[in-house]
>>> print(open('my_file.txt').read())   # compact mmCIF, C-alpha atoms
# COMPACT_ATOMS: atom_id res chain seq x y z
CA MET A 162 0.00 0.00 0.00
CA PRO A 163 1.51 3.38 -0.98
CA GLU A 164 2.45 5.93 1.65
CA ASN A 165 -0.24 8.51 2.25
CA LYS A 166 1.78 11.56 1.31
CA GLY A 167 -1.10 13.89 0.56
CA ARG A 168 -3.89 14.43 3.01
CA PRO A 169 -3.64 12.17 6.06
CA ASN A 170 -6.58 9.95 6.87
CA ARG A 171 -7.74 12.24 9.69
CA LEU A 172 -11.14 10.63 10.19
CA GLY A 173 -9.79 7.07 10.42
CA ILE A 174 -12.49 4.44 10.78
CA TRP A 175 -15.07 7.16 11.55
CA GLY A 176 -14.75 8.20 7.93
CA TRP A 177 -16.52 4.95 6.98
CA LEU A 178 -19.75 6.18 8.54
CA GLY A 179 -20.40 9.20 6.35
CA GLY A 180 -21.21 8.79 2.65
CA GLY A 181 -21.20 12.55 2.12
CA ARG A 182 -21.34 13.59 -1.51
CA TRP A 183 -20.19 10.14 -2.63
CA GLY A 184 -23.65 8.72 -2.10
CA ALA A 185 -24.75 5.08 -2.16
CA GLU A 186 -21.47 3.68 -3.49
CA ARG A 187 -19.68 5.07 -0.42
CA TYR A 188 -21.96 3.03 1.83
CA LEU A 189 -21.32 -0.03 -0.35
CA TYR A 190 -17.60 0.62 0.24
CA THR A 191 -18.17 0.70 4.00
CA LEU A 192 -20.34 -2.42 3.92
CA HIS A 193 -17.74 -4.17 1.76
CA ARG A 194 -15.13 -3.56 4.44
CA VAL A 195 -17.38 -4.48 7.37
CA THR A 196 -18.56 -7.71 5.70
CA GLY A 197 -14.98 -8.52 4.66
CA LEU A 198 -13.74 -8.19 8.23
CA GLY A 199 -16.66 -10.25 9.54
CA VAL A 200 -16.10 -13.04 7.02
CA LEU A 201 -12.34 -12.99 7.71
CA PHE A 202 -12.91 -13.40 11.47
CA TYR A 203 -15.30 -16.31 10.83
CA PHE A 204 -12.94 -17.88 8.28
CA LEU A 205 -9.96 -17.93 10.67
CA LEU A 206 -12.08 -19.78 13.26
CA HIS A 207 -13.57 -22.00 10.52
CA ILE A 208 -10.10 -23.25 9.54
CA VAL A 209 -9.41 -24.35 13.11
CA VAL A 210 -12.84 -25.91 13.75
CA THR A 211 -13.11 -27.83 10.47
CA SER A 212 -9.55 -29.16 10.74
CA SER A 213 -10.94 -31.57 13.35
CA ARG A 214 -12.05 -33.81 10.43
CA ALA A 215 -8.43 -34.85 10.01
CA LEU A 216 -8.56 -36.63 13.39
CA GLY A 217 -11.53 -38.85 12.60
CA GLN A 218 -15.28 -39.14 13.06
CA ALA A 219 -15.40 -38.66 16.85
CA SER A 220 -13.31 -35.50 16.68
CA TRP A 221 -15.41 -34.12 13.81
CA GLU A 222 -18.74 -34.84 15.47
CA SER A 223 -17.51 -33.42 18.76
CA ALA A 224 -16.42 -30.19 17.03
CA MET A 225 -19.67 -29.91 15.08
CA GLY A 226 -21.66 -30.60 18.25
CA LYS A 227 -20.11 -27.53 19.84
CA VAL A 228 -21.28 -25.23 17.02
CA THR A 229 -24.93 -26.23 16.68
CA GLY A 230 -28.09 -24.59 17.99
CA PRO A 231 -30.26 -21.63 17.02
CA LEU A 232 -27.66 -18.98 17.84
CA PHE A 233 -25.04 -20.65 15.66
CA THR A 234 -27.60 -21.08 12.85
CA ILE A 235 -28.41 -17.35 12.94
CA GLY A 236 -24.69 -16.51 13.13
CA GLU A 237 -23.94 -18.78 10.20
CA TYR A 238 -26.73 -17.19 8.19
CA LEU A 239 -25.29 -13.74 8.92
CA VAL A 240 -21.95 -15.00 7.56
CA PHE A 241 -23.80 -16.26 4.46
CA VAL A 242 -25.45 -12.83 4.06
CA ALA A 243 -22.10 -11.06 4.50
CA LEU A 244 -20.41 -13.33 1.96
CA ALA A 245 -23.27 -12.93 -0.56
CA PHE A 246 -23.03 -9.14 -0.29
CA HIS A 247 -19.21 -9.12 -0.38
CA ALA A 248 -19.16 -11.42 -3.45
CA ALA A 249 -21.79 -9.47 -5.43
CA ASN A 250 -20.23 -6.13 -4.58
CA GLY A 251 -16.78 -7.59 -5.30
CA ILE A 252 -17.89 -8.53 -8.82
CA ARG A 253 -19.01 -4.91 -9.28
CA LEU A 254 -15.67 -3.61 -8.02
CA VAL A 255 -13.66 -5.89 -10.32
CA LEU A 256 -15.77 -4.86 -13.33
CA ILE A 257 -15.28 -1.18 -12.51
CA GLU A 258 -11.54 -1.70 -11.94
CA LEU A 259 -11.32 -3.28 -15.41
CA GLY A 260 -13.17 -0.30 -16.89
CA PHE A 261 -16.60 -1.88 -17.47
CA GLY A 262 -19.76 0.03 -16.65
CA VAL A 263 -18.08 3.37 -15.97
CA GLY A 264 -19.05 5.08 -19.22
CA LYS A 265 -16.84 6.81 -21.77
CA PRO A 266 -14.53 9.65 -20.74
CA ILE A 267 -16.14 13.06 -21.37
CA GLU A 268 -14.94 16.66 -21.43
CA PRO A 269 -15.13 18.28 -18.00
CA VAL A 270 -17.66 20.91 -19.06
CA TYR A 271 -19.82 22.73 -16.50
CA PRO A 272 -22.25 21.55 -15.15
CA TYR A 273 -19.96 18.63 -14.36
CA ARG A 274 -21.38 15.11 -14.49
CA THR A 275 -20.26 12.46 -12.06
CA SER A 276 -19.43 8.99 -13.38
CA LEU A 277 -21.19 7.61 -10.30
CA ASN A 278 -24.51 8.14 -12.10
CA VAL A 279 -23.25 5.95 -14.95
CA GLN A 280 -22.08 3.30 -12.48
CA ARG A 281 -25.36 3.21 -10.54
CA PRO A 282 -27.07 0.50 -12.67
CA LEU A 283 -24.15 -1.85 -11.97
CA ALA A 284 -24.54 -1.21 -8.24
CA VAL A 285 -28.27 -1.93 -8.46
CA LEU A 286 -27.61 -5.16 -10.38
CA ALA A 287 -25.00 -6.26 -7.82
CA MET A 288 -27.41 -5.61 -4.95
CA LEU A 289 -30.17 -7.51 -6.76
CA LEU A 290 -27.81 -10.48 -7.13
CA ALA A 291 -26.92 -10.26 -3.43
CA ALA A 292 -30.63 -10.07 -2.53
CA VAL A 293 -31.45 -13.19 -4.60
CA LEU A 294 -28.63 -15.13 -2.89
CA ILE A 295 -29.66 -13.89 0.56
CA VAL A 296 -33.28 -14.95 0.00
CA MET A 297 -32.20 -18.36 -1.34
CA GLY A 298 -29.93 -18.81 1.68
CA GLY A 299 -32.74 -17.76 4.03
CA LEU A 300 -35.07 -20.34 2.47
CA ASP A 301 -32.42 -23.04 2.84
CA PHE A 302 -31.43 -22.09 6.38
CA PHE A 303 -34.86 -21.53 7.91
CA VAL A 304 -37.52 -23.15 5.72
CA LEU A 305 -36.28 -26.06 3.60
CA GLY A 306 -32.97 -27.08 5.14
CA THR A 307 -31.80 -29.13 8.11
CA HIS A 308 -29.63 -26.47 9.75
CA MET B 174 5.14 -2.79 -11.52
CA MET B 175 5.52 -1.67 -7.94
CA ARG B 176 5.30 -4.24 -5.17
CA ASP B 177 1.94 -3.02 -3.91
CA GLN B 178 0.50 -2.96 -7.42
CA LYS B 179 1.50 -6.61 -7.76
CA LEU B 180 -0.01 -7.47 -4.38
CA TRP B 181 -3.23 -5.62 -5.31
CA THR B 182 -3.43 -7.57 -8.59
CA TRP B 183 -3.01 -10.81 -6.62
CA HIS B 184 -5.69 -9.58 -4.19
CA VAL B 185 -8.16 -9.15 -7.08
CA LEU B 186 -7.20 -12.49 -8.67
CA ALA B 187 -7.55 -14.24 -5.30
CA GLY B 188 -11.03 -12.68 -5.04
CA LEU B 189 -12.01 -14.30 -8.34
CA VAL B 190 -10.68 -17.68 -7.16
CA ILE B 191 -12.70 -17.29 -3.94
CA LEU B 192 -15.78 -16.36 -5.96
CA VAL B 193 -15.62 -19.72 -7.76
CA PHE B 194 -14.57 -22.06 -4.95
CA ALA B 195 -16.27 -20.37 -1.98
CA GLY B 196 -19.34 -20.11 -4.22
CA LEU B 197 -19.18 -23.88 -4.73
CA HIS B 198 -18.55 -24.42 -1.00
CA MET B 199 -21.55 -22.27 -0.01
CA ALA B 200 -23.75 -23.97 -2.61
CA ILE B 201 -22.83 -27.39 -1.17
CA MET B 202 -23.09 -26.41 2.49
CA HIS B 203 -25.84 -23.82 2.62
CA LEU B 204 -28.01 -24.31 -0.46
CA ASP B 205 -28.17 -28.08 0.08
CA ALA B 206 -31.96 -28.27 0.34
CA ILE B 207 -32.33 -26.36 -2.93
CA LEU B 208 -29.41 -27.75 -4.97
CA GLY B 209 -28.51 -30.99 -3.14
CA ILE B 210 -25.05 -31.34 -4.67
CA PHE B 211 -21.98 -33.30 -3.48
CA SER B 212 -23.66 -34.91 -0.48
CA PRO B 213 -23.94 -38.46 -1.85
CA ALA B 214 -24.89 -40.05 1.48
CA GLY B 215 -27.94 -37.81 1.80
CA GLY B 216 -28.81 -35.96 4.98
CA HIS B 217 -26.84 -32.89 5.95
CA PRO B 218 -23.67 -31.94 4.06
CA ILE B 219 -21.66 -31.98 7.31
CA ASP B 220 -22.70 -35.56 8.19
CA TRP B 221 -19.53 -37.64 8.55
CA ALA B 222 -20.41 -39.88 5.55
CA ASN B 223 -20.62 -36.83 3.29
CA VAL B 224 -17.41 -35.36 4.72
CA VAL B 225 -15.64 -38.65 3.96
CA ALA B 226 -17.14 -38.82 0.45
CA ARG B 227 -15.84 -35.33 -0.40
CA GLY B 228 -12.57 -36.00 1.44
CA LYS B 229 -11.85 -38.98 -0.86
CA SER B 230 -12.00 -36.69 -3.88
CA LEU B 231 -8.71 -35.25 -5.09
CA PHE B 232 -10.68 -32.38 -6.64
CA PHE B 233 -12.06 -31.31 -3.27
CA THR B 234 -8.71 -31.75 -1.50
CA VAL B 235 -6.88 -29.61 -4.06
CA THR B 236 -9.59 -26.95 -4.26
CA TYR B 237 -9.80 -26.73 -0.44
CA ILE B 238 -6.08 -25.91 -0.40
CA VAL B 239 -6.38 -23.42 -3.27
CA LEU B 240 -9.36 -21.76 -1.56
CA LEU B 241 -7.51 -21.73 1.77
CA GLY B 242 -4.52 -19.94 0.25
CA ALA B 243 -6.60 -17.50 -1.80
CA ALA B 244 -8.93 -16.63 1.08
CA LEU B 245 -6.09 -16.18 3.59
CA PHE B 246 -4.20 -13.91 1.21
CA HIS B 247 -7.28 -11.92 0.16
CA GLY B 248 -8.56 -11.51 3.71
CA LEU B 249 -5.29 -10.72 5.45
CA TYR B 250 -4.08 -8.39 2.69
CA GLY B 251 -7.43 -6.58 2.89
CA LEU B 252 -7.06 -6.29 6.67
CA ARG B 253 -3.50 -4.99 6.23
CA ASN B 254 -4.71 -2.30 3.83
CA ILE B 255 -7.39 -1.18 6.26
CA LEU B 256 -4.91 -1.06 9.16
CA LEU B 257 -2.26 0.80 7.14
CA GLU B 258 -4.78 3.53 6.30
CA LEU B 259 -4.76 4.49 9.96
CA ASN B 260 -1.41 6.29 9.63
CA PHE B 261 0.64 4.25 12.07
CA GLY B 262 4.38 4.84 12.34
CA PRO B 263 6.84 2.85 10.18
CA ALA B 264 7.72 0.34 12.92
CA LEU B 265 4.08 -0.54 13.60
CA ARG B 266 3.33 -0.74 9.86
CA LYS B 267 6.18 -3.19 9.47
CA ALA B 268 5.04 -5.19 12.52
CA ILE B 269 1.47 -5.42 11.15
CA GLY B 270 2.82 -6.84 7.88
CA VAL B 271 5.03 -9.39 9.63
CA VAL B 272 2.34 -10.54 12.09
CA LEU B 273 -0.28 -10.98 9.35
CA LEU B 274 2.22 -12.81 7.14
CA LEU B 275 3.11 -15.21 9.96
CA LEU B 276 -0.56 -15.72 10.85
CA GLY B 277 -1.43 -16.45 7.23
CA ALA B 278 1.51 -18.78 6.69
CA GLY B 279 0.77 -20.66 9.93
CA LEU B 280 -2.91 -21.13 9.14
CA PHE B 281 -2.09 -22.15 5.56
CA VAL B 282 0.27 -24.89 6.78
CA TYR B 283 -2.26 -26.05 9.40
CA GLY B 284 -5.20 -26.04 6.97
CA THR B 285 -3.18 -27.81 4.27
CA TRP B 286 -2.15 -30.49 6.76
CA ALA B 287 -5.84 -30.95 7.70
CA ALA B 288 -6.91 -31.23 4.04
CA VAL B 289 -4.18 -33.76 3.18
CA ALA B 290 -4.63 -35.76 6.40
CA SER B 291 -8.42 -35.95 5.98
CA HIS B 292 -7.95 -37.02 2.33
CA THR B 293 -5.63 -39.83 3.48
CA LEU B 294 -8.05 -40.79 6.25
CA ALA B 295 -11.06 -40.76 3.90
CA LYS B 296 -9.23 -42.97 1.37
CA SER B 297 -8.58 -45.53 4.11
CA VAL B 298 -12.25 -45.65 5.30
>>> encode(input="my_file.txt", output="structure tokens")
Amino acid sequence: MPENKGRPNRLGIWGWLGGGRWGAERYLYTLHRVTGLGVLFYFLLHIVVTSSRALGQASWESAMGKVTGPLFTIGEYLVFVALAFHAANGIRLVLIELGFGVGKPIEPVYPYRTSLNVQRPLAVLAMLLAAVLIVMGGLDFFVLGTH
Amino acid sequence: MMRDQKLWTWHVLAGLVILVFAGLHMAIMHLDAILGIFSPAGGHPIDWANVVARGKSLFFTVTYIVLLGAALFHGLYGLRNILLELNFGPALRKAIGVVLLLLGAGLFVYGTWAAVASHTLAKSV
């Protein structure tokens, strides 16, 4: 990560809370970070817990027995929701990074137009994809499945 | 290409790898009632018989390890970027990098051992 030689990040983490003039995409940025940190925390524990399968059936069933119950089911669903959002928004970010969906460069003529308006349909599509996954997961977790 | 540009490119590529393999993992584990894939013994995907069935597969063993490496790199590099935005001094910045690298390397070795050992165990069942 390059040194911050220009304006220091004076707001720190508090800067995540305000979208300001950046609008909806700024909140997607904040949610992307929050969900990423949540999934990372879960993932580090997940590596340790699921490694018990290497020691045989008793070890596996003992480990799984410790992470069952309604609270764990809700927690696991929240991880699913976080991952669905992070994945859908991540696809949007990769597409934008590769130059898709950002519109053609235009002359900076007053009144200036922000490229965020051009990017908005991609954000809406990404959130629709996340919503479909979250609903499917909810059905599986709480209606159809054996969680 | 500068070092951080390279790392950022790897971060994005790791994200795409995670999209494929974590997507498959979530579909198997959490969309089982809808899709019902890769749980040949029936029941819940985490039932021991299903864990053994997937553990026997070289495909699952290899992709677990690939996913493990990609997810550890993507997650810990993302965490490092967030922490480094907080304008810590050079010594603390260096320490954050070293600690996260050691944590990632340690968990990668541990998780790889678990994947290989459970593959060996499943083959013997």
>>> closest_residue(input="my_file.txt", among="B:Val271, B:Ala222, B:Leu240, B:Ala206", to="chain A", atoms="only C-alpha atoms")
B:Ala206
>>> interface_residues(input="my_file.txt", of="chain A", to="chain B", cutoff="8 Å", atoms="only C-alpha atoms", output="JSON, numbers by chain")
{"A": [162, 163, 165, 169, 170, 173, 174, 197, 198, 201, 205, 208, 209, 212, 213, 214, 215, 216, 217, 218, 221, 222, 241, 248, 251, 255, 297, 298, 301, 302, 305, 306, 307, 308]}
>>> atom_distance(input="my_file.txt", atom1="CA of Ser212 (chain B)", atom2="CA of Val239 (chain B)")
20.9 Å
>>> closest_residue(input="my_file.txt", among="B:Val190, B:Phe261, B:Lys229, B:Val235", to="Arg171 (chain A)", atoms="all atoms listed in the file")
B:Phe261
>>> atom_distance(input="my_file.txt", atom1="CA of Ala245 (chain A)", atom2="CA of Ile295 (chain A)")
6.6 Å
>>> atom_distance(input="my_file.txt", atom1="CA of Val282 (chain B)", atom2="CA of Met225 (chain A)")
22.2 Å
>>> residues_around(input="my_file.txt", residues="region 257-270 of chain A", least_positions_apart="4", cutoff="10 Å", atoms="all atoms listed in the file", output="ChimeraX atom specification")
/A:251-253,274-284 /B:185
